[in-house]
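Dumped final-v3.cif below, it's mmCIF, C-alpha atoms (C1' of nucleotides):
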data_work
#
loop_
_atom_site.label_atom_id
_atom_site.label_comp_id
_atom_site.auth_asym_id
_atom_site.auth_seq_id
_atom_site.Cartn_x
_atom_site.Cartn_y
_atom_site.Cartn_z
CA MET W 1 7.68 -44.98 -13.18
CA SER W 2 9.18 -43.86 -9.89
CA THR W 3 7.27 -43.59 -6.65
CA PRO W 4 5.25 -40.38 -6.57
CA LYS W 5 5.75 -38.41 -3.37
CA ALA W 6 1.97 -38.30 -3.14
CA SER W 7 -0.91 -38.50 -5.55
CA ARG W 8 -0.89 -35.53 -7.89
CA ASP W 9 -3.49 -32.92 -7.20
CA PRO W 10 -5.08 -30.04 -9.15
CA VAL W 11 -2.37 -27.64 -8.02
CA ASP W 12 0.31 -29.92 -9.45
CA ALA W 13 -1.60 -29.87 -12.74
CA ILE W 14 -1.68 -26.07 -12.77
CA VAL W 15 2.04 -25.89 -12.03
CA ASP W 16 2.71 -28.26 -14.93
CA GLN W 17 0.61 -26.17 -17.28
CA TRP W 18 2.56 -23.06 -16.39
CA ALA W 19 5.85 -24.92 -16.87
CA ALA W 20 4.75 -25.82 -20.39
CA VAL W 21 3.87 -22.28 -21.50
CA ARG W 22 6.11 -20.16 -19.27
CA PRO W 23 9.11 -22.27 -18.25
CA ASP W 24 10.84 -19.13 -16.99
CA LEU W 25 8.43 -18.76 -14.05
CA ASP W 26 9.36 -19.84 -10.52
CA THR W 27 6.13 -21.46 -9.37
CA ALA W 28 7.34 -22.89 -6.07
CA ALA W 29 5.27 -20.43 -4.05
CA MET W 30 2.14 -21.52 -5.89
CA GLU W 31 2.56 -25.00 -4.46
CA VAL W 32 1.89 -23.52 -1.04
CA PHE W 33 -0.52 -20.65 -1.65
CA GLY W 34 -2.56 -22.39 -4.32
CA ARG W 35 -3.33 -25.11 -1.79
CA VAL W 36 -3.95 -22.62 1.01
CA TYR W 37 -6.59 -20.87 -1.11
CA ARG W 38 -8.26 -24.12 -2.08
CA LEU W 39 -8.31 -25.42 1.48
CA ALA W 40 -9.77 -22.17 2.76
CA ARG W 41 -12.46 -22.29 0.14
CA THR W 42 -13.49 -25.94 0.34
CA MET W 43 -13.35 -26.13 4.13
CA GLY W 44 -15.08 -22.76 4.36
CA ASP W 45 -17.97 -24.05 2.28
CA ARG W 46 -18.28 -27.11 4.47
CA MET W 47 -18.17 -25.04 7.66
CA GLU W 48 -20.93 -22.87 6.23
CA LYS W 49 -23.12 -25.92 5.83
CA ALA W 50 -22.27 -27.19 9.31
CA TYR W 51 -23.35 -23.93 10.94
CA ALA W 52 -26.48 -23.69 8.77
CA ARG W 53 -27.99 -26.47 10.91
CA PHE W 54 -28.00 -23.95 13.78
CA GLY W 55 -29.61 -21.24 11.68
CA ILE W 56 -26.47 -19.12 11.40
CA SER W 57 -23.88 -18.33 8.76
CA ARG W 58 -20.16 -18.70 9.26
CA GLY W 59 -19.77 -14.95 9.66
CA GLU W 60 -22.47 -14.89 12.31
CA PHE W 61 -20.86 -17.80 14.10
CA ASP W 62 -17.61 -15.84 14.23
CA VAL W 63 -19.41 -13.02 16.04
CA ILE W 64 -21.01 -15.13 18.74
CA ALA W 65 -17.88 -17.26 19.08
CA THR W 66 -15.84 -14.12 19.75
CA LEU W 67 -18.29 -13.09 22.45
CA ARG W 68 -18.25 -16.60 23.94
CA ARG W 69 -14.45 -16.76 24.01
CA SER W 70 -14.24 -13.46 25.83
CA GLY W 71 -15.76 -15.16 28.89
CA ALA W 72 -18.57 -13.99 31.18
CA PRO W 73 -20.44 -11.68 30.89
CA HIS W 74 -19.99 -12.28 27.13
CA THR W 75 -20.02 -8.62 26.33
CA LEU W 76 -18.01 -6.65 23.77
CA SER W 77 -18.57 -3.47 21.77
CA PRO W 78 -19.35 -3.52 18.03
CA ARG W 79 -16.04 -1.75 17.58
CA GLN W 80 -14.09 -4.50 19.35
CA LEU W 81 -15.93 -7.13 17.34
CA SER W 82 -15.34 -5.50 13.98
CA ALA W 83 -11.66 -5.00 14.79
CA THR W 84 -11.22 -8.63 15.86
CA LEU W 85 -13.07 -9.97 12.85
CA MET W 86 -11.38 -7.61 10.38
CA LEU W 87 -14.73 -6.27 9.26
CA THR W 88 -15.88 -2.74 8.45
CA THR W 89 -18.36 -1.19 10.85
CA GLY W 90 -21.00 -1.36 8.13
CA GLY W 91 -20.60 -5.10 7.81
CA MET W 92 -20.73 -5.46 11.59
CA THR W 93 -24.00 -3.55 11.80
CA GLY W 94 -25.57 -6.05 9.41
CA ARG W 95 -24.37 -9.12 11.30
CA LEU W 96 -25.51 -7.72 14.63
CA ASP W 97 -28.91 -6.87 13.17
CA LYS W 98 -29.43 -10.45 12.03
CA LEU W 99 -28.21 -11.99 15.27
CA GLU W 100 -30.27 -9.62 17.38
CA ARG W 101 -33.39 -10.42 15.34
CA ALA W 102 -32.68 -14.12 15.91
CA GLY W 103 -32.48 -13.47 19.65
CA LEU W 104 -28.89 -14.67 20.00
CA LEU W 105 -27.57 -11.36 21.33
CA ARG W 106 -28.79 -7.96 22.42
CA ARG W 107 -27.46 -4.43 22.10
CA SER W 108 -27.54 -2.13 25.10
CA PRO W 109 -26.16 1.36 25.72
CA ASP W 110 -22.67 1.71 27.15
CA LEU W 111 -23.06 3.58 30.42
CA HIS W 112 -19.61 5.16 30.27
CA ASP W 113 -19.56 6.24 26.61
CA ARG W 114 -22.78 7.37 25.06
CA ARG W 115 -21.46 6.88 21.53
CA ALA W 116 -20.84 3.22 22.17
CA LEU W 117 -22.93 0.09 22.58
CA GLN W 118 -22.48 -3.14 24.44
CA VAL W 119 -23.27 -6.37 22.65
CA THR W 120 -24.13 -9.26 24.95
CA LEU W 121 -24.82 -12.91 24.19
CA THR W 122 -28.28 -14.06 25.33
CA ASP W 123 -28.88 -17.43 26.98
CA LYS W 124 -30.10 -18.67 23.64
CA GLY W 125 -27.00 -17.29 21.93
CA LEU W 126 -24.78 -19.01 24.46
CA ALA W 127 -26.55 -22.32 23.94
CA VAL W 128 -26.30 -22.05 20.15
CA VAL W 129 -22.61 -21.12 20.08
CA ASP W 130 -21.70 -23.85 22.56
CA GLU W 131 -23.27 -26.45 20.32
CA ALA W 132 -22.09 -24.96 17.03
CA VAL W 133 -18.46 -24.69 18.08
CA GLY W 134 -18.41 -28.42 18.75
CA ALA W 135 -19.92 -29.22 15.36
CA GLY W 136 -17.42 -26.96 13.58
CA LEU W 137 -14.46 -28.41 15.41
CA ALA W 138 -15.65 -31.95 14.70
CA LEU W 139 -15.67 -31.18 11.00
CA GLN W 140 -12.19 -29.69 11.09
CA THR W 141 -10.86 -32.52 13.23
CA GLU W 142 -12.18 -35.07 10.78
CA ALA W 143 -10.54 -33.27 7.88
CA LEU W 144 -7.27 -33.06 9.76
CA SER W 145 -7.30 -36.80 10.33
CA ALA W 146 -5.78 -37.07 6.85
CA LEU W 147 -2.54 -36.35 8.74
CA ASP W 148 -1.10 -38.11 11.76
CA GLU W 149 -0.54 -36.16 14.94
CA GLU W 150 3.09 -35.34 14.29
CA GLN W 151 2.36 -34.10 10.79
CA ALA W 152 -0.51 -31.96 12.05
CA GLY W 153 1.77 -30.33 14.60
CA GLN W 154 4.44 -29.75 11.98
CA LEU W 155 1.88 -28.20 9.65
CA ALA W 156 0.59 -25.87 12.37
CA ASP W 157 4.15 -24.77 13.16
CA LEU W 158 5.03 -24.10 9.52
CA LEU W 159 1.83 -22.12 9.04
CA ARG W 160 2.51 -20.09 12.18
CA GLN W 161 5.95 -19.20 10.90
CA LEU W 162 4.67 -18.31 7.44
CA LEU W 163 1.83 -16.24 8.84
CA ALA W 164 4.17 -14.32 11.12
CA GLY W 165 6.40 -13.37 8.20
CA THR W 166 3.40 -12.53 6.04
CA VAL W 167 1.49 -10.26 8.36
CA ASN W 168 4.55 -8.64 9.81
CA PRO W 169 6.97 -8.43 6.91
CA PRO W 170 10.31 -8.08 8.73
CA SER W 171 10.79 -4.91 6.71
CA MET L 172 10.06 -19.27 31.03
CA SER L 173 10.91 -22.08 28.59
CA THR L 174 11.86 -21.60 24.97
CA PRO L 175 8.76 -20.86 22.90
CA LYS L 176 8.52 -23.05 19.80
CA ALA L 177 7.89 -19.85 17.89
CA SER L 178 6.48 -16.46 18.70
CA ARG L 179 2.85 -16.73 19.71
CA ASP L 180 0.38 -15.57 17.13
CA PRO L 181 -3.29 -14.53 17.15
CA VAL L 182 -4.41 -18.11 16.62
CA ASP L 183 -2.53 -19.21 19.74
CA ALA L 184 -4.36 -16.48 21.62
CA ILE L 185 -7.74 -17.71 20.39
CA VAL L 186 -6.89 -21.28 21.34
CA ASP L 187 -5.94 -20.12 24.83
CA GLN L 188 -9.20 -18.22 25.19
CA TRP L 189 -11.20 -21.30 24.30
CA ALA L 190 -9.18 -23.38 26.74
CA ALA L 191 -10.12 -20.96 29.49
CA VAL L 192 -13.87 -21.04 28.90
CA ARG L 193 -14.37 -24.47 27.33
CA PRO L 194 -11.51 -26.73 28.47
CA ASP L 195 -13.40 -29.75 27.14
CA LEU L 196 -12.89 -28.73 23.51
CA ASP L 197 -10.22 -30.31 21.31
CA THR L 198 -8.89 -27.29 19.46
CA ALA L 199 -5.95 -28.94 17.70
CA ALA L 200 -7.61 -28.63 14.28
CA MET L 201 -8.05 -24.90 14.80
CA GLU L 202 -4.27 -24.54 14.94
CA VAL L 203 -4.21 -25.57 11.31
CA PHE L 204 -7.44 -24.25 9.81
CA GLY L 205 -7.44 -20.98 11.71
CA ARG L 206 -4.10 -20.18 10.15
CA VAL L 207 -5.16 -21.40 6.72
CA TYR L 208 -8.12 -18.99 6.78
CA ARG L 209 -5.98 -16.08 7.91
CA LEU L 210 -3.30 -16.77 5.38
CA ALA L 211 -5.83 -17.03 2.57
CA ARG L 212 -7.38 -13.76 3.61
CA THR L 213 -4.28 -11.63 4.18
CA MET L 214 -2.43 -12.93 1.14
CA GLY L 215 -5.61 -12.67 -0.91
CA ASP L 216 -5.91 -9.00 -0.01
CA ARG L 217 -2.32 -8.39 -0.98
CA MET L 218 -2.71 -10.22 -4.28
CA GLU L 219 -5.78 -8.10 -5.01
CA LYS L 220 -3.67 -4.97 -4.65
CA ALA L 221 -0.86 -6.42 -6.76
CA TYR L 222 -3.22 -7.13 -9.65
CA ALA L 223 -4.94 -3.75 -9.29
CA ARG L 224 -1.83 -2.17 -10.80
CA PHE L 225 -2.79 -3.94 -14.04
CA GLY L 226 -6.39 -2.78 -13.89
CA ILE L 227 -7.80 -6.18 -12.98
CA SER L 228 -9.19 -7.89 -9.89
CA ARG L 229 -7.95 -11.20 -8.57
CA GLY L 230 -11.01 -12.97 -9.97
CA GLU L 231 -10.38 -11.47 -13.38
CA PHE L 232 -6.74 -12.46 -13.21
CA ASP L 233 -7.82 -16.05 -12.56
CA VAL L 234 -9.83 -16.01 -15.78
CA ILE L 235 -7.08 -14.73 -18.06
CA ALA L 236 -4.48 -16.87 -16.26
CA THR L 237 -6.57 -19.97 -16.96
CA LEU L 238 -6.73 -19.03 -20.63
CA ARG L 239 -2.99 -18.34 -20.70
CA ARG L 240 -2.13 -21.65 -19.04
CA SER L 241 -4.20 -23.56 -21.58
CA GLY L 242 -1.63 -22.63 -24.25
CA ALA L 243 -2.15 -21.29 -27.77
CA PRO L 244 -4.63 -20.36 -29.11
CA HIS L 245 -5.67 -19.32 -25.57
CA THR L 246 -9.28 -20.29 -26.11
CA LEU L 247 -11.77 -21.92 -23.76
CA SER L 248 -15.54 -21.86 -23.39
CA PRO L 249 -17.29 -19.96 -20.56
CA ARG L 250 -18.44 -23.34 -19.34
CA GLN L 251 -14.89 -24.68 -19.06
CA LEU L 252 -13.80 -21.52 -17.31
CA SER L 253 -16.61 -21.52 -14.77
CA ALA L 254 -16.02 -25.20 -14.02
CA THR L 255 -12.28 -24.68 -13.52
CA LEU L 256 -12.77 -21.61 -11.37
CA MET L 257 -15.64 -23.12 -9.32
CA LEU L 258 -17.91 -20.26 -10.32
CA THR L 259 -21.58 -20.18 -11.29
CA THR L 260 -22.34 -19.28 -14.88
CA GLY L 261 -23.84 -16.03 -13.70
CA GLY L 262 -20.62 -15.00 -12.03
CA MET L 263 -18.67 -16.00 -15.12
CA THR L 264 -20.83 -13.82 -17.36
CA GLY L 265 -19.98 -10.83 -15.21
CA ARG L 266 -16.24 -11.44 -15.25
CA LEU L 267 -16.21 -11.98 -19.01
CA ASP L 268 -18.23 -8.80 -19.55
CA LYS L 269 -15.68 -6.76 -17.66
CA LEU L 270 -12.66 -8.36 -19.31
CA GLU L 271 -14.20 -8.03 -22.77
CA ARG L 272 -14.96 -4.35 -22.15
CA ALA L 273 -11.32 -3.88 -21.10
CA GLY L 274 -10.21 -5.49 -24.36
CA LEU L 275 -8.35 -8.35 -22.69
CA LEU L 276 -10.42 -11.09 -24.32
CA ARG L 277 -13.16 -11.54 -26.90
CA ARG L 278 -16.17 -13.81 -27.18
CA SER L 279 -16.87 -15.47 -30.52
CA PRO L 280 -19.42 -18.09 -31.58
CA ASP L 281 -18.45 -21.73 -31.38
CA LEU L 282 -18.73 -23.06 -34.94
CA HIS L 283 -19.54 -26.61 -33.88
CA ASP L 284 -22.10 -25.87 -31.12
CA ARG L 285 -24.33 -22.89 -31.59
CA ARG L 286 -25.25 -22.77 -27.90
CA ALA L 287 -21.65 -22.26 -26.93
CA LEU L 288 -19.10 -19.49 -27.14
CA GLN L 289 -15.36 -19.39 -27.44
CA VAL L 290 -13.46 -17.02 -25.20
CA THR L 291 -10.06 -16.01 -26.53
CA LEU L 292 -7.31 -13.91 -25.02
CA THR L 293 -6.44 -10.82 -27.09
CA ASP L 294 -2.85 -9.67 -27.63
CA LYS L 295 -3.46 -7.09 -24.96
CA GLY L 296 -4.87 -9.74 -22.63
CA LEU L 297 -1.85 -11.93 -23.21
CA ALA L 298 0.52 -9.06 -22.45
CA VAL L 299 -1.34 -8.16 -19.25
CA VAL L 300 -1.51 -11.69 -17.90
CA ASP L 301 2.14 -12.37 -18.69
CA GLU L 302 3.15 -9.35 -16.63
CA ALA L 303 0.62 -9.85 -13.86
CA VAL L 304 1.49 -13.48 -13.23
CA GLY L 305 5.08 -12.45 -12.56
CA ALA L 306 4.02 -9.76 -10.13
CA GLY L 307 1.71 -12.14 -8.30
CA LEU L 308 4.33 -14.86 -8.04
CA ALA L 309 6.90 -12.36 -6.83
CA LEU L 310 4.60 -11.39 -3.99
CA GLN L 311 3.97 -15.00 -3.02
CA THR L 312 7.63 -15.88 -3.32
CA GLU L 313 8.57 -13.04 -1.02
CA ALA L 314 6.00 -14.17 1.55
CA LEU L 315 7.24 -17.73 1.33
CA SER L 316 10.79 -16.61 2.06
CA ALA L 317 9.76 -16.73 5.73
CA LEU L 318 10.56 -20.43 5.32
CA ASP L 319 13.69 -22.08 4.00
CA GLU L 320 13.47 -24.27 0.94
CA GLU L 321 13.13 -27.53 2.81
CA GLN L 322 10.37 -26.18 5.03
CA ALA L 323 8.52 -24.81 2.01
CA GLY L 324 8.62 -28.21 0.34
CA GLN L 325 7.46 -29.90 3.53
CA LEU L 326 4.61 -27.43 3.84
CA ALA L 327 3.51 -27.99 0.24
CA ASP L 328 3.54 -31.76 0.78
CA LEU L 329 1.53 -31.59 3.99
CA LEU L 330 -1.01 -29.29 2.36
CA ARG L 331 -1.32 -31.60 -0.64
CA GLN L 332 -2.01 -34.53 1.64
CA LEU L 333 -4.55 -32.57 3.70
CA LEU L 334 -6.28 -31.25 0.62
CA ALA L 335 -6.54 -34.72 -0.90
CA GLY L 336 -8.23 -36.07 2.21
CA THR L 337 -10.47 -33.03 2.45
CA VAL L 338 -11.80 -32.89 -1.07
CA ASN L 339 -12.00 -36.64 -1.49
CA PRO L 340 -12.98 -37.92 1.94
CA PRO L 341 -11.82 -41.57 1.72
CA SER L 342 -15.38 -42.50 2.65
"C1'" DG S 343 -37.29 -38.78 -37.18
"C1'" DG S 344 -39.75 -36.76 -33.29
"C1'" DA S 345 -40.34 -36.20 -28.30
"C1'" DA S 346 -37.80 -35.88 -24.03
"C1'" DA S 347 -33.91 -34.84 -21.57
"C1'" DG S 348 -29.73 -32.41 -21.16
"C1'" DT S 349 -26.59 -28.44 -21.85
"C1'" DA S 350 -24.73 -23.41 -22.85
"C1'" DG S 351 -24.99 -18.94 -21.60
"C1'" DC S 352 -27.69 -15.01 -19.92
"C1'" DT S 353 -30.86 -12.46 -16.67
"C1'" DT S 354 -32.80 -11.24 -12.31
"C1'" DA S 355 -33.40 -10.95 -7.30
"C1'" DG S 356 -31.19 -11.15 -3.17
"C1'" DC S 357 -27.17 -11.27 0.03
"C1'" DG S 358 -23.11 -9.62 2.41
"C1'" DC S 359 -19.46 -7.06 1.96
"C1'" DT S 360 -16.63 -2.35 1.39
"C1'" DA S 361 -15.94 2.62 0.94
"C1'" DA S 362 -17.52 6.85 1.96
"C1'" DG S 363 -20.19 9.98 4.36
"C1'" DC S 364 -23.26 11.16 8.29
"C1'" DT S 365 -24.49 12.51 13.39
"C1'" DA S 366 -23.54 12.26 18.14
"C1'" DT S 367 -20.21 12.12 21.50
"C1'" DT S 368 -15.60 12.18 23.57
"C1'" DT S 369 -10.75 13.48 23.87
"C1'" DC S 370 -7.02 16.36 22.82
"C1'" DT S 371 -4.77 20.96 22.55
"C1'" DG S 372 -3.44 25.63 23.22
"C1'" DC D 373 -12.40 25.99 28.79
"C1'" DA D 374 -13.41 26.56 23.92
"C1'" DG D 375 -12.35 24.80 19.29
"C1'" DA D 376 -10.34 21.05 16.77
"C1'" DA D 377 -9.57 16.40 16.09
"C1'" DA D 378 -10.73 11.76 16.89
"C1'" DT D 379 -14.03 8.03 17.64
"C1'" DA D 380 -18.60 4.99 17.77
"C1'" DG D 381 -22.07 3.30 15.17
"C1'" DC D 382 -25.26 3.79 11.29
"C1'" DT D 383 -26.71 4.61 6.33
"C1'" DT D 384 -26.23 4.43 1.44
"C1'" DA D 385 -24.38 3.22 -3.11
"C1'" DG D 386 -21.99 0.00 -5.51
"C1'" DC D 387 -19.78 -4.53 -6.39
"C1'" DG D 388 -19.43 -9.46 -7.12
"C1'" DC D 389 -21.25 -13.43 -5.98
"C1'" DT D 390 -25.14 -17.33 -5.82
"C1'" DA D 391 -29.58 -19.51 -6.80
"C1'" DA D 392 -33.12 -19.91 -9.76
"C1'" DG D 393 -35.29 -19.39 -13.97
"C1'" DC D 394 -35.14 -18.35 -18.96
"C1'" DT D 395 -34.27 -19.26 -24.19
"C1'" DA D 396 -31.74 -21.51 -27.62
"C1'" DC D 397 -29.66 -25.39 -29.09
"C1'" DT D 398 -27.99 -30.40 -28.93
"C1'" DT D 399 -28.10 -35.17 -27.67
"C1'" DT D 400 -30.53 -39.24 -26.35
"C1'" DC D 401 -33.92 -42.61 -26.83
"C1'" DC D 402 -37.61 -45.00 -28.42
#

Would you mind writing the file out in structure tokens?
Amino acid sequence: MSTPKASRDPVDAIVDQWAAVRPDLDTAAMEVFGRVYRLARTMGDRMEKAYARFGISRGEFDVIATLRRSGAPHTLSPRQLSATLMLTTGGMTGRLDKLERAGLLRRSPDLHDRRALQVTLTDKGLAVVDEAVGAGLALQTEALSALDEEQAGQLADLLRQLLAGTVNPPS
Amino acid sequence: MSTPKASRDPVDAIVDQWAAVRPDLDTAAMEVFGRVYRLARTMGDRMEKAYARFGISRGEFDVIATLRRSGAPHTLSPRQLSATLMLTTGGMTGRLDKLERAGLLRRSPDLHDRRALQVTLTDKGLAVVDEAVGAGLALQTEALSALDEEQAGQLADLLRQLLAGTVNPPS
DNA sequence: GGAAAGTAGCTTAGCGCTAAGCTATTTCTG
DNA sequence: CAGAAATAGCTTAGCGCTAAGCTACTTTCC
């Protein structure tokens, strides 16, 4: 009965199950990615609920947050938005339709390129995103309080390093 | 021009953008969760492709992997599977339909409870999952090689701690 | 032992996404 | 400067999920 490094979690249980039936497998990577998937899912669900209070989904929040972040005049093209959000143009059309109907943004013609549009946050959209971003961050901050400040910084650094190697495999 | 702690990544850029337009926000939590979401998404996409070589989706892999992990005789009920995989029963029905059609598992009546079914891996299903799990782990292991062994262990521990506080908010 | 409550799995409607294909417009190329 | 290639945004079909409702069966409770 030695000291456990931390309370066992569902991922530990899965790793143990694999060890019992396939002891040849190297499951070390599962300890990281299994937890990454679970965190993304559980926190994602909670974020969804947090944004629902403002009448928007998480995907819709991402759109208006991207416009907000870009600074005044809070204008980007659908193309820029879909590229930033890693979304197909078809998916973007749907999100913009919903947000435009809700009065949070408007589409206007691009004067320099008649194929293109400009998507601009309305006053209402600006007000909603400025409130919603605070609510979302509060939720994440609370979740992160499971770690102390040094641990949180360490975690962010490790994730940055992992992400860099993952997206840009050093060939 | 001081030493960067690591090469800047897209999440750093987003944090900087927020700092420019909303300097009042505490974006520390975004440094963690922003990267968790991205990692889950990019690695998820790559896992999807890895499993596609075996004719299955990631969701379908999760089903046969859960059966495999449970040990001989590789049998669970749809209810157990949907609970483990955090899926509605409707979603489970669809996955089982596809896997049964592909001959990777079979549904049979539960002799003790006539409402219930038993889902059992076929020989073919067992062969597929035993190959696919190796391919999936290889992909994850390669991605994780961006970190050394100590860092990987540290990351797993920090994620375990964060996940524990997130799922079970200590009230 | 019979009514009420609970549970297992399926079906349907609706949602949001992707992939593929479309038209209109712009940019590249010889 | 004309034809070819690329690009912007939209539409449609299809996919996999959820939420809600259904039937069949089992368990609980007087």

Would you place a box with edges along x, y and z of the file around all atoms of stretch 24-27 of chain W listed there, add 4 Å to each of its six sides, and report the centre and edge lengths in Å to one decimal, as JSON?
{"center_x": 8.5, "center_y": -20.1, "center_z": -13.2, "size_x": 12.7, "size_y": 10.7, "size_z": 15.6}

Apply the PyMOL selection byres ((chain L) within 8 of (chain S)) to the structure shown and report the selected residues as a list in words.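 In the shown coordinates, the PyMOL selection byres ((chain L) within 8 of (chain S)) covers Pro249, Arg250, Thr260, Gly261, Thr264, Arg286 and Ala287 of chain L.
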
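Taking atom CA of W:Glu31 as the reference point, atom CA of W:Asp16 is found at 11.0 Å.
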
Contact residues (chain W, partner chain L, 8 Å, only C-alpha atoms) as a PyMOL selection string: chain W and resi 6+9+14+17-18+21+25-33+35-40+42-43+68-71+134+137+140-141+143-144+146-147+151-152+155-167+169

Give me a file of those residues, with C-alpha atoms, as a CSV table (one decimal), keeping the file's coordinate frame.
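Everything below was put into out.csv:
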chain,number,residue,atom,x,y,z
W,6,ALA,CA,2.0,-38.3,-3.1
W,9,ASP,CA,-3.5,-32.9,-7.2
W,14,ILE,CA,-1.7,-26.1,-12.8
W,17,GLN,CA,0.6,-26.2,-17.3
W,18,TRP,CA,2.6,-23.1,-16.4
W,21,VAL,CA,3.9,-22.3,-21.5
W,25,LEU,CA,8.4,-18.8,-14.0
W,26,ASP,CA,9.4,-19.8,-10.5
W,27,THR,CA,6.1,-21.5,-9.4
W,28,ALA,CA,7.3,-22.9,-6.1
W,29,ALA,CA,5.3,-20.4,-4.0
W,30,MET,CA,2.1,-21.5,-5.9
W,31,GLU,CA,2.6,-25.0,-4.5
W,32,VAL,CA,1.9,-23.5,-1.0
W,33,PHE,CA,-0.5,-20.6,-1.6
W,35,ARG,CA,-3.3,-25.1,-1.8
W,36,VAL,CA,-4.0,-22.6,1.0
W,37,TYR,CA,-6.6,-20.9,-1.1
W,38,ARG,CA,-8.3,-24.1,-2.1
W,39,LEU,CA,-8.3,-25.4,1.5
W,40,ALA,CA,-9.8,-22.2,2.8
W,42,THR,CA,-13.5,-25.9,0.3
W,43,MET,CA,-13.4,-26.1,4.1
W,68,ARG,CA,-18.2,-16.6,23.9
W,69,ARG,CA,-14.4,-16.8,24.0
W,70,SER,CA,-14.2,-13.5,25.8
W,71,GLY,CA,-15.8,-15.2,28.9
W,134,GLY,CA,-18.4,-28.4,18.8
W,137,LEU,CA,-14.5,-28.4,15.4
W,140,GLN,CA,-12.2,-29.7,11.1
W,141,THR,CA,-10.9,-32.5,13.2
W,143,ALA,CA,-10.5,-33.3,7.9
W,144,LEU,CA,-7.3,-33.1,9.8
W,146,ALA,CA,-5.8,-37.1,6.8
W,147,LEU,CA,-2.5,-36.4,8.7
W,151,GLN,CA,2.4,-34.1,10.8
W,152,ALA,CA,-0.5,-32.0,12.0
W,155,LEU,CA,1.9,-28.2,9.6
W,156,ALA,CA,0.6,-25.9,12.4
W,157,ASP,CA,4.2,-24.8,13.2
W,158,LEU,CA,5.0,-24.1,9.5
W,159,LEU,CA,1.8,-22.1,9.0
W,160,ARG,CA,2.5,-20.1,12.2
W,161,GLN,CA,6.0,-19.2,10.9
W,162,LEU,CA,4.7,-18.3,7.4
W,163,LEU,CA,1.8,-16.2,8.8
W,164,ALA,CA,4.2,-14.3,11.1
W,165,GLY,CA,6.4,-13.4,8.2
W,166,THR,CA,3.4,-12.5,6.0
W,167,VAL,CA,1.5,-10.3,8.4
W,169,PRO,CA,7.0,-8.4,6.9

Would you mind listing, as a PyMOL selection string, all residues of chain D that have at least one atom within 9 Å of chain W, where only C-alpha atoms (C1' of nucleotides) are what counts? chain D and resi 379-383

Between atom C1' of D:DT390 and atom CA of W:Arg58, what distance in Å does the model show, to one decimal?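 Interatomic distance, atom C1' of D:DT390 to atom CA of W:Arg58: 15.9 Å.
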
Which value, in Å to one decimal, gives the distance between atom CA of L:Leu297 and atom CA of L:Leu275?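 Distance between the two atoms: 7.4 Å.
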
Which residue gives the smallest distance to L:Gln289 among L:Arg277, L:Met218, L:Ala223, L:Gly230, with only C-alpha atoms counted? L:Arg277

May I ask which of the residues W:Leu76, W:Ala13, W:Ala135, W:Val129 is the closest one to W:Glu60, counting all atoms listed in the file?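 Closest candidate: W:Val129.
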